[in-house]
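A.B. asks: The structure file entry-v5.cif (mmCIF, C-alpha atoms) is provided below.
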data_upload
loop_
_atom_site.label_atom_id
_atom_site.label_comp_id
_atom_site.auth_asym_id
_atom_site.auth_seq_id
_atom_site.Cartn_x
_atom_site.Cartn_y
_atom_site.Cartn_z
CA MET J 1 -82.08 -2.46 41.75
CA THR J 2 -81.28 -2.07 38.06
CA ILE J 3 -78.72 -4.29 36.38
CA LYS J 4 -76.23 -1.40 36.16
CA GLU J 5 -76.69 -0.67 39.85
CA ALA J 6 -76.03 -4.34 40.56
CA ILE J 7 -72.80 -4.14 38.55
CA LEU J 8 -71.60 -1.05 40.42
CA LYS J 9 -72.48 -2.56 43.80
CA SER J 10 -70.60 -5.77 42.95
CA LEU J 11 -67.54 -3.82 41.78
CA ASP J 12 -67.58 -1.93 45.06
CA GLU J 13 -67.88 -5.10 47.12
CA ILE J 14 -65.14 -6.92 45.21
CA ASN J 15 -62.95 -3.83 45.66
CA GLY J 16 -60.26 -4.91 43.22
CA LEU J 17 -59.48 -5.85 39.64
CA THR J 18 -62.09 -8.34 38.50
CA THR J 19 -63.66 -9.95 35.43
CA TYR J 20 -67.19 -9.76 34.12
CA MET J 21 -67.72 -13.39 35.20
CA ASP J 22 -66.77 -12.58 38.80
CA ILE J 23 -69.18 -9.64 38.74
CA TYR J 24 -71.91 -11.86 37.31
CA ASN J 25 -71.31 -14.50 40.00
CA ASN J 26 -71.42 -11.86 42.73
CA ILE J 27 -74.76 -10.58 41.44
CA LEU J 28 -76.15 -14.12 41.50
CA LYS J 29 -74.71 -14.86 44.94
CA HIS J 30 -76.42 -11.85 46.54
CA ASN J 31 -79.51 -11.99 44.32
CA TYR J 32 -79.06 -8.36 43.27
CA TYR J 33 -80.81 -8.83 39.94
CA ASP J 34 -83.21 -11.35 38.40
CA PHE J 35 -82.03 -12.30 34.92
CA GLY J 36 -85.24 -14.21 34.23
CA GLN J 37 -85.05 -16.35 31.08
CA ALA J 38 -81.97 -14.64 29.62
CA LYS J 39 -79.89 -17.23 27.73
CA THR J 40 -76.52 -15.49 28.16
CA PRO J 41 -76.73 -13.24 31.25
CA ALA J 42 -72.95 -13.24 31.72
CA ALA J 43 -72.52 -11.85 28.19
CA THR J 44 -75.02 -9.11 29.07
CA ILE J 45 -72.84 -8.10 32.04
CA SER J 46 -69.80 -7.98 29.76
CA ALA J 47 -71.64 -5.81 27.22
CA LEU J 48 -72.86 -3.37 29.88
CA LEU J 49 -69.37 -3.03 31.34
CA GLY J 50 -68.24 -2.10 27.84
CA ASP J 51 -71.01 0.50 27.71
CA PHE J 52 -69.67 2.15 30.89
CA ILE J 53 -66.32 2.61 29.14
CA ARG J 54 -67.62 3.68 25.70
CA ASN J 55 -70.07 6.16 27.21
CA GLY J 56 -67.31 7.78 29.26
CA ASP J 57 -68.83 6.87 32.64
CA SER J 58 -66.05 7.96 35.02
CA ARG J 59 -67.13 5.53 37.74
CA VAL J 60 -65.76 2.44 35.97
CA LYS J 61 -62.37 1.74 34.42
CA ARG J 62 -60.77 -1.29 32.82
CA ILE J 63 -57.34 -2.71 32.01
CA LYS J 64 -56.63 -4.93 29.01
CA GLN J 65 -55.00 -8.22 29.96
CA VAL J 66 -53.12 -10.96 28.14
CA GLY J 67 -55.27 -12.56 25.45
CA GLY J 68 -57.38 -9.43 24.95
CA THR J 69 -59.62 -9.85 28.01
CA TYR J 70 -60.39 -7.00 30.42
CA SER J 71 -60.28 -6.50 34.18
CA TYR J 72 -62.64 -3.89 35.66
CA TYR J 73 -62.60 -1.76 38.80
CA LEU J 74 -64.24 1.28 40.35
CA THR J 75 -62.29 4.50 39.88
CA LYS J 76 -62.73 5.40 43.53
CA ASN J 77 -60.90 2.18 44.51
CA GLU J 78 -57.76 2.83 42.44
CA GLN J 79 -55.59 3.58 45.47
CA ASN J 80 -56.96 0.63 47.44
CA ILE J 81 -55.95 -1.91 44.82
CA GLY J 82 -52.50 -0.50 44.06
CA ILE J 83 -53.21 1.24 40.77
CA ASP J 84 -51.16 4.28 39.89
CA VAL J 85 -53.53 6.87 38.43
CA LEU J 86 -50.88 8.15 36.01
CA THR J 87 -49.12 4.98 34.90
CA GLY J 88 -51.83 2.37 35.30
CA VAL J 89 -51.45 -1.04 36.91
CA THR J 90 -48.26 -1.67 38.89
CA LYS J 91 -45.70 -4.18 37.70
CA SER J 92 -46.34 -6.66 40.48
CA ILE J 93 -50.08 -6.64 39.85
CA ALA J 94 -49.57 -6.95 36.09
CA ILE J 95 -47.42 -10.04 36.52
CA ASN J 96 -49.97 -11.57 38.86
CA LEU J 97 -52.81 -10.86 36.44
CA LYS J 98 -50.92 -12.51 33.58
CA GLN J 99 -50.58 -15.61 35.72
CA ILE J 100 -54.29 -15.55 36.55
CA ASP J 101 -55.23 -15.08 32.90
CA LYS J 102 -53.03 -17.98 31.87
CA LEU J 103 -54.77 -20.22 34.38
CA LYS J 104 -58.35 -19.16 33.75
CA THR J 105 -58.68 -18.41 30.06
CA TYR J 106 -58.57 -20.52 26.93
CA GLU J 107 -57.27 -19.65 23.48
CA GLU J 108 -59.53 -19.00 20.53
CA ARG J 109 -57.99 -21.92 18.69
CA ASP J 110 -59.02 -24.23 21.52
CA LEU J 111 -62.53 -23.82 20.10
CA HIS J 112 -61.48 -25.30 16.76
CA LYS J 113 -61.73 -28.89 17.96
CA LEU J 114 -65.23 -28.20 19.29
CA LEU J 115 -66.25 -26.76 15.93
CA SER J 116 -64.66 -29.63 14.00
CA THR J 117 -66.68 -32.05 16.17
CA PHE J 118 -69.91 -30.18 15.47
CA LEU J 119 -69.20 -30.02 11.74
CA LYS J 120 -68.28 -33.71 11.55
CA SER J 121 -71.66 -34.59 13.06
CA HIS J 122 -73.15 -32.80 10.03
CA GLY J 123 -70.97 -34.62 7.49
CA ILE J 124 -68.43 -31.80 7.08
CA SER J 125 -64.68 -32.38 7.28
CA SER J 126 -62.77 -29.30 8.41
CA LYS J 127 -59.24 -27.95 8.57
CA THR J 128 -57.64 -25.11 10.53
CA ILE J 129 -55.81 -22.59 8.34
CA PHE J 130 -52.79 -21.18 10.15
CA HIS J 131 -52.48 -17.65 8.76
CA GLU J 132 -49.06 -17.24 10.39
CA LYS J 133 -47.72 -19.87 7.99
CA SER J 134 -48.67 -17.81 4.94
CA SER J 135 -46.00 -16.20 2.82
CA ASN J 136 -47.54 -12.78 3.49
CA SER J 137 -48.24 -13.31 7.21
CA LYS J 138 -46.54 -10.00 8.12
CA ASP J 139 -48.67 -8.00 5.70
CA LYS J 140 -51.38 -6.35 7.83
CA ASN J 141 -53.39 -5.56 4.70
CA GLN J 142 -53.96 -9.29 4.20
CA LYS J 143 -55.16 -10.15 7.71
CA TRP J 144 -58.80 -10.55 6.63
CA ILE J 145 -58.18 -12.85 3.66
CA HIS J 146 -57.59 -16.04 5.68
CA PRO J 147 -60.50 -18.02 7.14
CA ASP J 148 -59.91 -19.57 10.58
CA MET J 149 -61.21 -22.91 9.32
CA VAL J 150 -62.42 -24.39 6.05
CA GLY J 151 -64.87 -27.22 5.55
CA ILE J 152 -65.87 -29.63 2.80
CA ALA J 153 -69.11 -31.56 2.44
CA PHE J 154 -69.60 -34.10 -0.35
CA LEU J 155 -72.97 -35.05 -1.78
CA LYS J 156 -73.38 -38.81 -1.44
CA LEU J 157 -75.93 -40.52 -3.69
CA GLU J 158 -77.24 -44.03 -3.20
CA THR J 159 -75.79 -45.73 -6.26
CA LYS J 160 -72.37 -45.65 -7.87
CA VAL J 161 -73.93 -44.96 -11.26
CA SER J 162 -75.78 -41.82 -10.14
CA GLN J 163 -72.74 -40.62 -8.19
CA ALA J 164 -70.50 -41.01 -11.25
CA PHE J 165 -73.13 -39.36 -13.46
CA LEU J 166 -73.32 -36.33 -11.16
CA LYS J 167 -69.54 -35.89 -11.32
CA THR J 168 -69.66 -36.03 -15.10
CA VAL J 169 -72.49 -33.54 -15.51
CA ASN J 170 -71.53 -30.92 -12.92
CA ARG J 171 -68.65 -31.46 -10.53
CA GLU J 172 -69.44 -28.35 -8.47
CA ASP J 173 -72.71 -29.96 -7.40
CA THR J 174 -70.83 -32.87 -5.81
CA PHE J 175 -69.38 -30.78 -2.97
CA LYS J 176 -69.72 -27.56 -0.98
CA LEU J 177 -66.78 -25.55 0.39
CA ASN J 178 -67.34 -23.57 3.58
CA SER J 179 -65.42 -20.87 5.44
CA TYR J 180 -65.54 -20.23 9.21
CA GLU J 181 -64.52 -17.15 11.22
CA ILE J 182 -64.30 -18.03 14.94
CA LYS J 183 -64.59 -15.74 17.98
CA LYS J 184 -64.57 -16.45 21.70
CA GLU J 185 -67.37 -13.99 22.38
CA ILE J 186 -69.41 -11.24 20.77
CA ASN J 187 -70.87 -8.89 23.33
CA THR J 188 -71.45 -5.55 21.61
CA ASP J 189 -72.76 -4.17 18.34
CA TYR J 190 -69.25 -2.99 17.46
CA GLU J 191 -67.76 -6.46 18.06
CA LEU J 192 -70.53 -8.04 16.00
CA LYS J 193 -69.97 -5.80 13.00
CA GLU J 194 -66.18 -6.16 13.12
CA ALA J 195 -66.42 -9.95 13.32
CA PHE J 196 -69.20 -10.14 10.73
CA PHE J 197 -67.38 -8.16 8.09
CA GLN J 198 -64.20 -10.10 8.77
CA ALA J 199 -66.26 -13.20 7.97
CA VAL J 200 -67.60 -11.52 4.83
CA SER J 201 -64.05 -10.72 3.72
CA ASN J 202 -62.40 -14.07 4.32
CA SER J 203 -65.27 -16.17 2.96
CA SER J 204 -65.60 -14.44 -0.41
CA TRP J 205 -64.19 -17.52 -2.14
CA ALA J 206 -66.49 -20.11 -0.52
CA ASN J 207 -69.94 -21.55 -1.20
CA HIS J 208 -70.93 -20.78 2.39
CA GLY J 209 -69.46 -18.41 4.97
CA TYR J 210 -70.10 -18.60 8.72
CA LEU J 211 -69.34 -16.52 11.79
CA VAL J 212 -68.90 -18.78 14.83
CA ALA J 213 -68.85 -17.60 18.46
CA PHE J 214 -68.82 -19.33 21.83
CA GLU J 215 -70.73 -16.55 23.58
CA ILE J 216 -73.15 -14.22 21.80
CA ASN J 217 -75.09 -11.49 23.55
CA GLU J 218 -78.75 -12.30 22.90
CA SER J 219 -79.54 -8.58 22.54
CA LEU J 220 -77.69 -8.69 19.19
CA HIS J 221 -80.14 -11.17 17.64
CA ASP J 222 -82.03 -8.63 15.51
CA GLU J 223 -78.83 -7.07 14.18
CA MET J 224 -77.41 -10.51 13.34
CA LYS J 225 -80.60 -11.28 11.44
CA ARG J 226 -80.34 -8.01 9.48
CA LEU J 227 -76.69 -8.62 8.59
CA ASN J 228 -77.43 -12.21 7.61
CA GLN J 229 -80.22 -11.13 5.29
CA SER J 230 -78.06 -8.42 3.73
CA PHE J 231 -74.79 -10.29 3.28
CA GLY J 232 -75.63 -13.99 3.53
CA ILE J 233 -73.11 -14.91 6.24
CA GLY J 234 -74.47 -17.57 8.59
CA VAL J 235 -74.06 -17.54 12.39
CA ILE J 236 -73.26 -20.54 14.59
CA GLU J 237 -73.45 -20.43 18.37
CA LEU J 238 -70.84 -22.92 19.56
CA ARG J 239 -71.37 -24.85 22.79
CA ALA J 240 -69.04 -26.62 25.21
CA ASN J 241 -70.90 -29.74 24.14
CA PRO J 242 -70.52 -29.36 20.36
CA TYR J 243 -73.60 -31.46 19.67
CA GLU J 244 -75.69 -28.75 21.35
CA SER J 245 -74.32 -26.02 19.08
CA LYS J 246 -76.89 -24.14 17.02
CA VAL J 247 -77.00 -22.62 13.56
CA LEU J 248 -78.74 -19.37 14.47
CA PHE J 249 -78.81 -18.16 10.87
CA ALA J 250 -78.11 -20.23 7.77
CA SER J 251 -75.55 -19.12 5.21
CA LYS J 252 -76.69 -18.24 1.71
CA PHE J 253 -75.12 -20.24 -1.13
CA LYS J 254 -72.86 -18.50 -3.62
CA ASN J 255 -70.63 -19.72 -6.43
CA LEU J 256 -66.95 -20.34 -5.80
CA ASP J 257 -64.51 -17.52 -6.49
CA PHE J 258 -61.65 -19.39 -8.16
CA LYS J 259 -59.37 -16.34 -8.40
CA THR J 260 -59.41 -15.93 -4.62
CA ILE J 261 -59.00 -19.69 -4.14
CA ASP J 262 -55.94 -19.52 -6.38
CA LYS J 263 -54.57 -16.56 -4.38
CA LEU J 264 -55.00 -18.42 -1.09
CA CYS J 265 -53.36 -21.52 -2.53
CA LYS J 266 -50.34 -19.45 -3.53
CA ILE J 267 -49.80 -17.93 -0.08
CA ASN J 268 -50.88 -20.73 2.28
CA HIS J 269 -49.72 -24.35 2.00
CA ASP J 270 -52.43 -25.75 4.30
CA PHE J 271 -55.16 -24.21 2.16
CA GLU J 272 -53.48 -25.43 -1.02
CA LYS J 273 -53.26 -28.97 0.39
CA PHE J 274 -56.92 -28.83 1.41
CA ILE J 275 -57.99 -27.88 -2.12
CA GLU J 276 -55.67 -30.54 -3.52
CA GLN J 277 -57.23 -33.23 -1.32
CA THR J 278 -60.70 -32.06 -2.34
CA GLU J 279 -59.78 -32.37 -6.01
CA LYS J 280 -58.46 -35.90 -5.42
CA VAL J 281 -61.74 -37.03 -3.90
CA MET J 282 -63.72 -35.48 -6.74
CA THR J 283 -61.70 -37.17 -9.46
CA ALA J 284 -60.87 -40.51 -7.82
CA SER J 285 -62.10 -43.68 -9.46
CA ASP J 286 -64.23 -46.14 -7.46
CA LYS J 287 -61.17 -48.31 -7.01
CA TYR J 288 -59.29 -45.67 -5.02
CA ILE J 289 -62.06 -43.54 -3.50
CA ASN J 290 -61.94 -45.10 -0.02
CA ALA J 291 -58.18 -44.60 0.26
CA ILE J 292 -58.42 -41.01 -0.97
CA GLU J 293 -61.24 -40.18 1.45
CA LYS J 294 -59.18 -41.64 4.30
CA GLU J 295 -56.24 -39.48 3.23
CA LEU J 296 -58.46 -36.39 3.40
CA GLU J 297 -59.70 -37.31 6.89
CA GLU J 298 -56.14 -37.77 8.15
CA PHE J 299 -55.22 -34.33 6.81
CA CYS J 300 -58.24 -32.60 8.34
CA ASP J 301 -58.60 -31.56 11.99
CA LYS J 302 -59.21 -34.24 14.57
CA TYR J 303 -62.53 -34.23 16.37
CA LEU J 304 -63.86 -35.46 19.71
CA GLN J 305 -65.43 -38.91 19.58
CA ASN J 306 -67.79 -38.94 22.57
CA ASP J 307 -69.09 -37.05 25.61
CA SER J 308 -66.24 -38.25 27.82
CA GLU J 309 -63.63 -36.88 25.43
CA ILE J 310 -65.56 -33.61 25.19
CA GLU J 311 -65.75 -33.24 28.98
CA THR J 312 -62.04 -34.01 29.42
CA TYR J 313 -61.02 -31.64 26.64
CA CYS J 314 -63.08 -28.72 27.99
CA LYS J 315 -61.69 -29.28 31.47
CA GLU J 316 -58.10 -29.31 30.19
CA LYS J 317 -58.63 -26.13 28.17
CA ASN J 318 -60.66 -24.33 30.88
CA ILE J 319 -63.66 -24.05 28.58
CA SER J 320 -66.73 -23.73 30.77
CA SER J 321 -70.28 -24.59 29.82
CA ASN J 322 -72.08 -21.63 28.26
CA GLN J 323 -75.61 -22.93 28.56
#
What does the file become when written as structure tokens?
C.D. replies:
Amino acid sequence: MTIKEAILKSLDEINGLTTYMDIYNNILKHNYYDFGQAKTPAATISALLGDFIRNGDSRVKRIKQVGGTYSYYLTKNEQNIGIDVLTGVTKSIAINLKQIDKLKTYEERDLHKLLSTFLKSHGISSKTIFHEKSSNSKDKNQKWIHPDMVGIAFLKLETKVSQAFLKTVNREDTFKLNSYEIKKEINTDYELKEAFFQAVSNSSWANHGYLVAFEINESLHDEMKRLNQSFGIGVIELRANPYESKVLFASKFKNLDFKTIDKLCKINHDFEKFIEQTEKVMTASDKYINAIEKELEEFCDKYLQNDSEIETYCKEKNISSNQ
């Protein structure tokens, strides 16, 4: 049985609106397909379901749910599951599906604390940038200018003399500013390119730009590598246990774009405050540096302190392990 045949058989057996994870679990339960050493088999199922739709395969249909997720079903089962062929899903089913989605799914921003934990373990303090707080938040033309998160890493030398000397000679070498675009999952080539170029756009100001995703279809590895080599955006695969997250492709360094930084400061207070706090750390005298660094940490996103906190947080947010 091919993997597509396993998907169709599972859809037929489930005989109702279902998610790619339910289909994946059904395939495993009945041993319809051997995924071998695949790292993200569930993401492969999601990508193939998308292929059914994009290729116009009339056997499979889908309905977009709250939060942007999809429910799938076999066309031949439309009448059995209460779907009106002309108008789509019935009102009662739609309400029920919203309730299910609310219970089962997590928000993209729930991943921010996982990322902040990962970054902190690498000496990077990070801050979520709420684009809805910007003065131009209703301008659709500006939707790709805001990063989801920003990060700052300071170079720490062993002696106070060398640290002070570095600041005097070249202040830009004392820190690195990073930008992060975060996605729940990237399953198809189209999703990869859309997310990647969004990361390119909203990291133009930063030293390093990264695309971060919780689930990445392993079949996209070669295309990610090509895009990374061409545009320099790094890729991070985020894990439910942040300490197990991986930098799949490193970001290439580039100089800061101060005009774009100035533009972001003008339209977003959180970004402006982040840059302000960075400047304070850079220019603080030894007498006040500890207090200023503490002020920066209090402004930045909180992070999870240990495995117990991570496990509790993921359970509360319905974030399942993606290993």
A.B. asks: I'd like to see the residues matched by the PyMOL selection byres ((chain J and resi 275) around 12) on this file, and ideally I'd get them as a VMD selection string.
C.D. replies: chain J and resid 126 to 127 129 150 to 152 175 to 178 206 258 261 to 262 264 to 266 268 to 274 276 to 282 296 299 to 300
A.B. asks: Between J:Phe52, J:Phe154, J:Tyr180, J:Tyr190, which one has atoms that come closest to Asn202 in chain J, using all atoms listed in the file?
C.D. replies: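 Using all atoms listed in the file, the shortest distance to Asn202 in chain J belongs to J:Tyr180.
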A.B. asks: I would like the residues chosen by the PyMOL selection byres ((chain J and resi 246-253) around 12) on the shown file; could you give them as JSON, numbers by chain?
C.D. replies: {"J": [115, 118, 119, 122, 173, 176, 177, 178, 179, 180, 199, 200, 203, 204, 205, 206, 207, 208, 209, 210, 211, 212, 213, 214, 215, 216, 218, 220, 221, 222, 223, 224, 225, 226, 227, 228, 229, 230, 231, 232, 233, 234, 235, 236, 237, 238, 239, 240, 241, 242, 243, 244, 245, 254, 255, 256, 323]}
A.B. asks: Looking at J:Asp189, J:Ser201, J:Ile289, J:Glu194, which one is nearest to Pro147 in chain J, with distances taken over all atoms listed in the file?
C.D. replies: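 Closest candidate: J:Ser201.
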A.B. asks: CA of Leu17 in chain J to CA of Thr44 in chain J: how many Å, to one decimal?
C.D. replies: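 Distance between the two atoms: 19.1 Å.
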A.B. asks: Can you pull out the residues contacting range 301-307 of chain J? Cut-off 8 Å, using only C-alpha atoms, and skip same-chain residues under 4 positions away; I want them as a list in words.
C.D. replies: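 So, after excluding close chain neighbours, the residues are Lys113, Leu114, Ser116, Thr117, Lys120, Ser125, Ser126, Lys127, Thr128, Asn241, Glu297 and Glu311 of chain J.
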A.B. asks: For CA of Tyr33 in chain J and CA of Ile3 in chain J, determine how far apart the two atoms are, in Å to one decimal place.
C.D. replies: 6.1 Å
A.B. asks: Using only C-alpha atoms, collect all residues at a distance of at most 8 Å from (-60.0, -9.7, 32.7) as written in the file, then present them as a ChimeraX atom specification.
C.D. replies: /J:17-20,63-65,69-72,101
A.B. asks: For CA of Thr105 in chain J and CA of Asn187 in chain J, determine how far apart the two atoms are, in Å to one decimal place.
C.D. replies: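 The value is 16.9 Å.
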A.B. asks: Tell me which protein, DNA and RNA residues are within 9 Å of Ile319 in chain J, counting all atoms listed in the file, leaving out same-chain ones fewer than 3 positions away, and put them as a ChimeraX atom specification.
C.D. replies: /J:104-106,110-111,240,313-316,322
A.B. asks: For Glu13 in chain J, which residue among J:Met1, J:Ala47, J:Ala38, J:Leu74 is the nearest when counting only C-alpha atoms?
C.D. replies: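 Smallest distance to Glu13 in chain J is found for J:Leu74.
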A.B. asks: Please determine, counting only C-alpha atoms, which residue among J:Thr260, J:Thr283, J:Thr188, J:Asn25 has the shortest atom-to-atom distance to Thr174 in chain J.
C.D. replies: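 Of J:Thr260, J:Thr283, J:Thr188, J:Asn25, the one nearest Thr174 in chain J, counting only C-alpha atoms, is J:Thr283.
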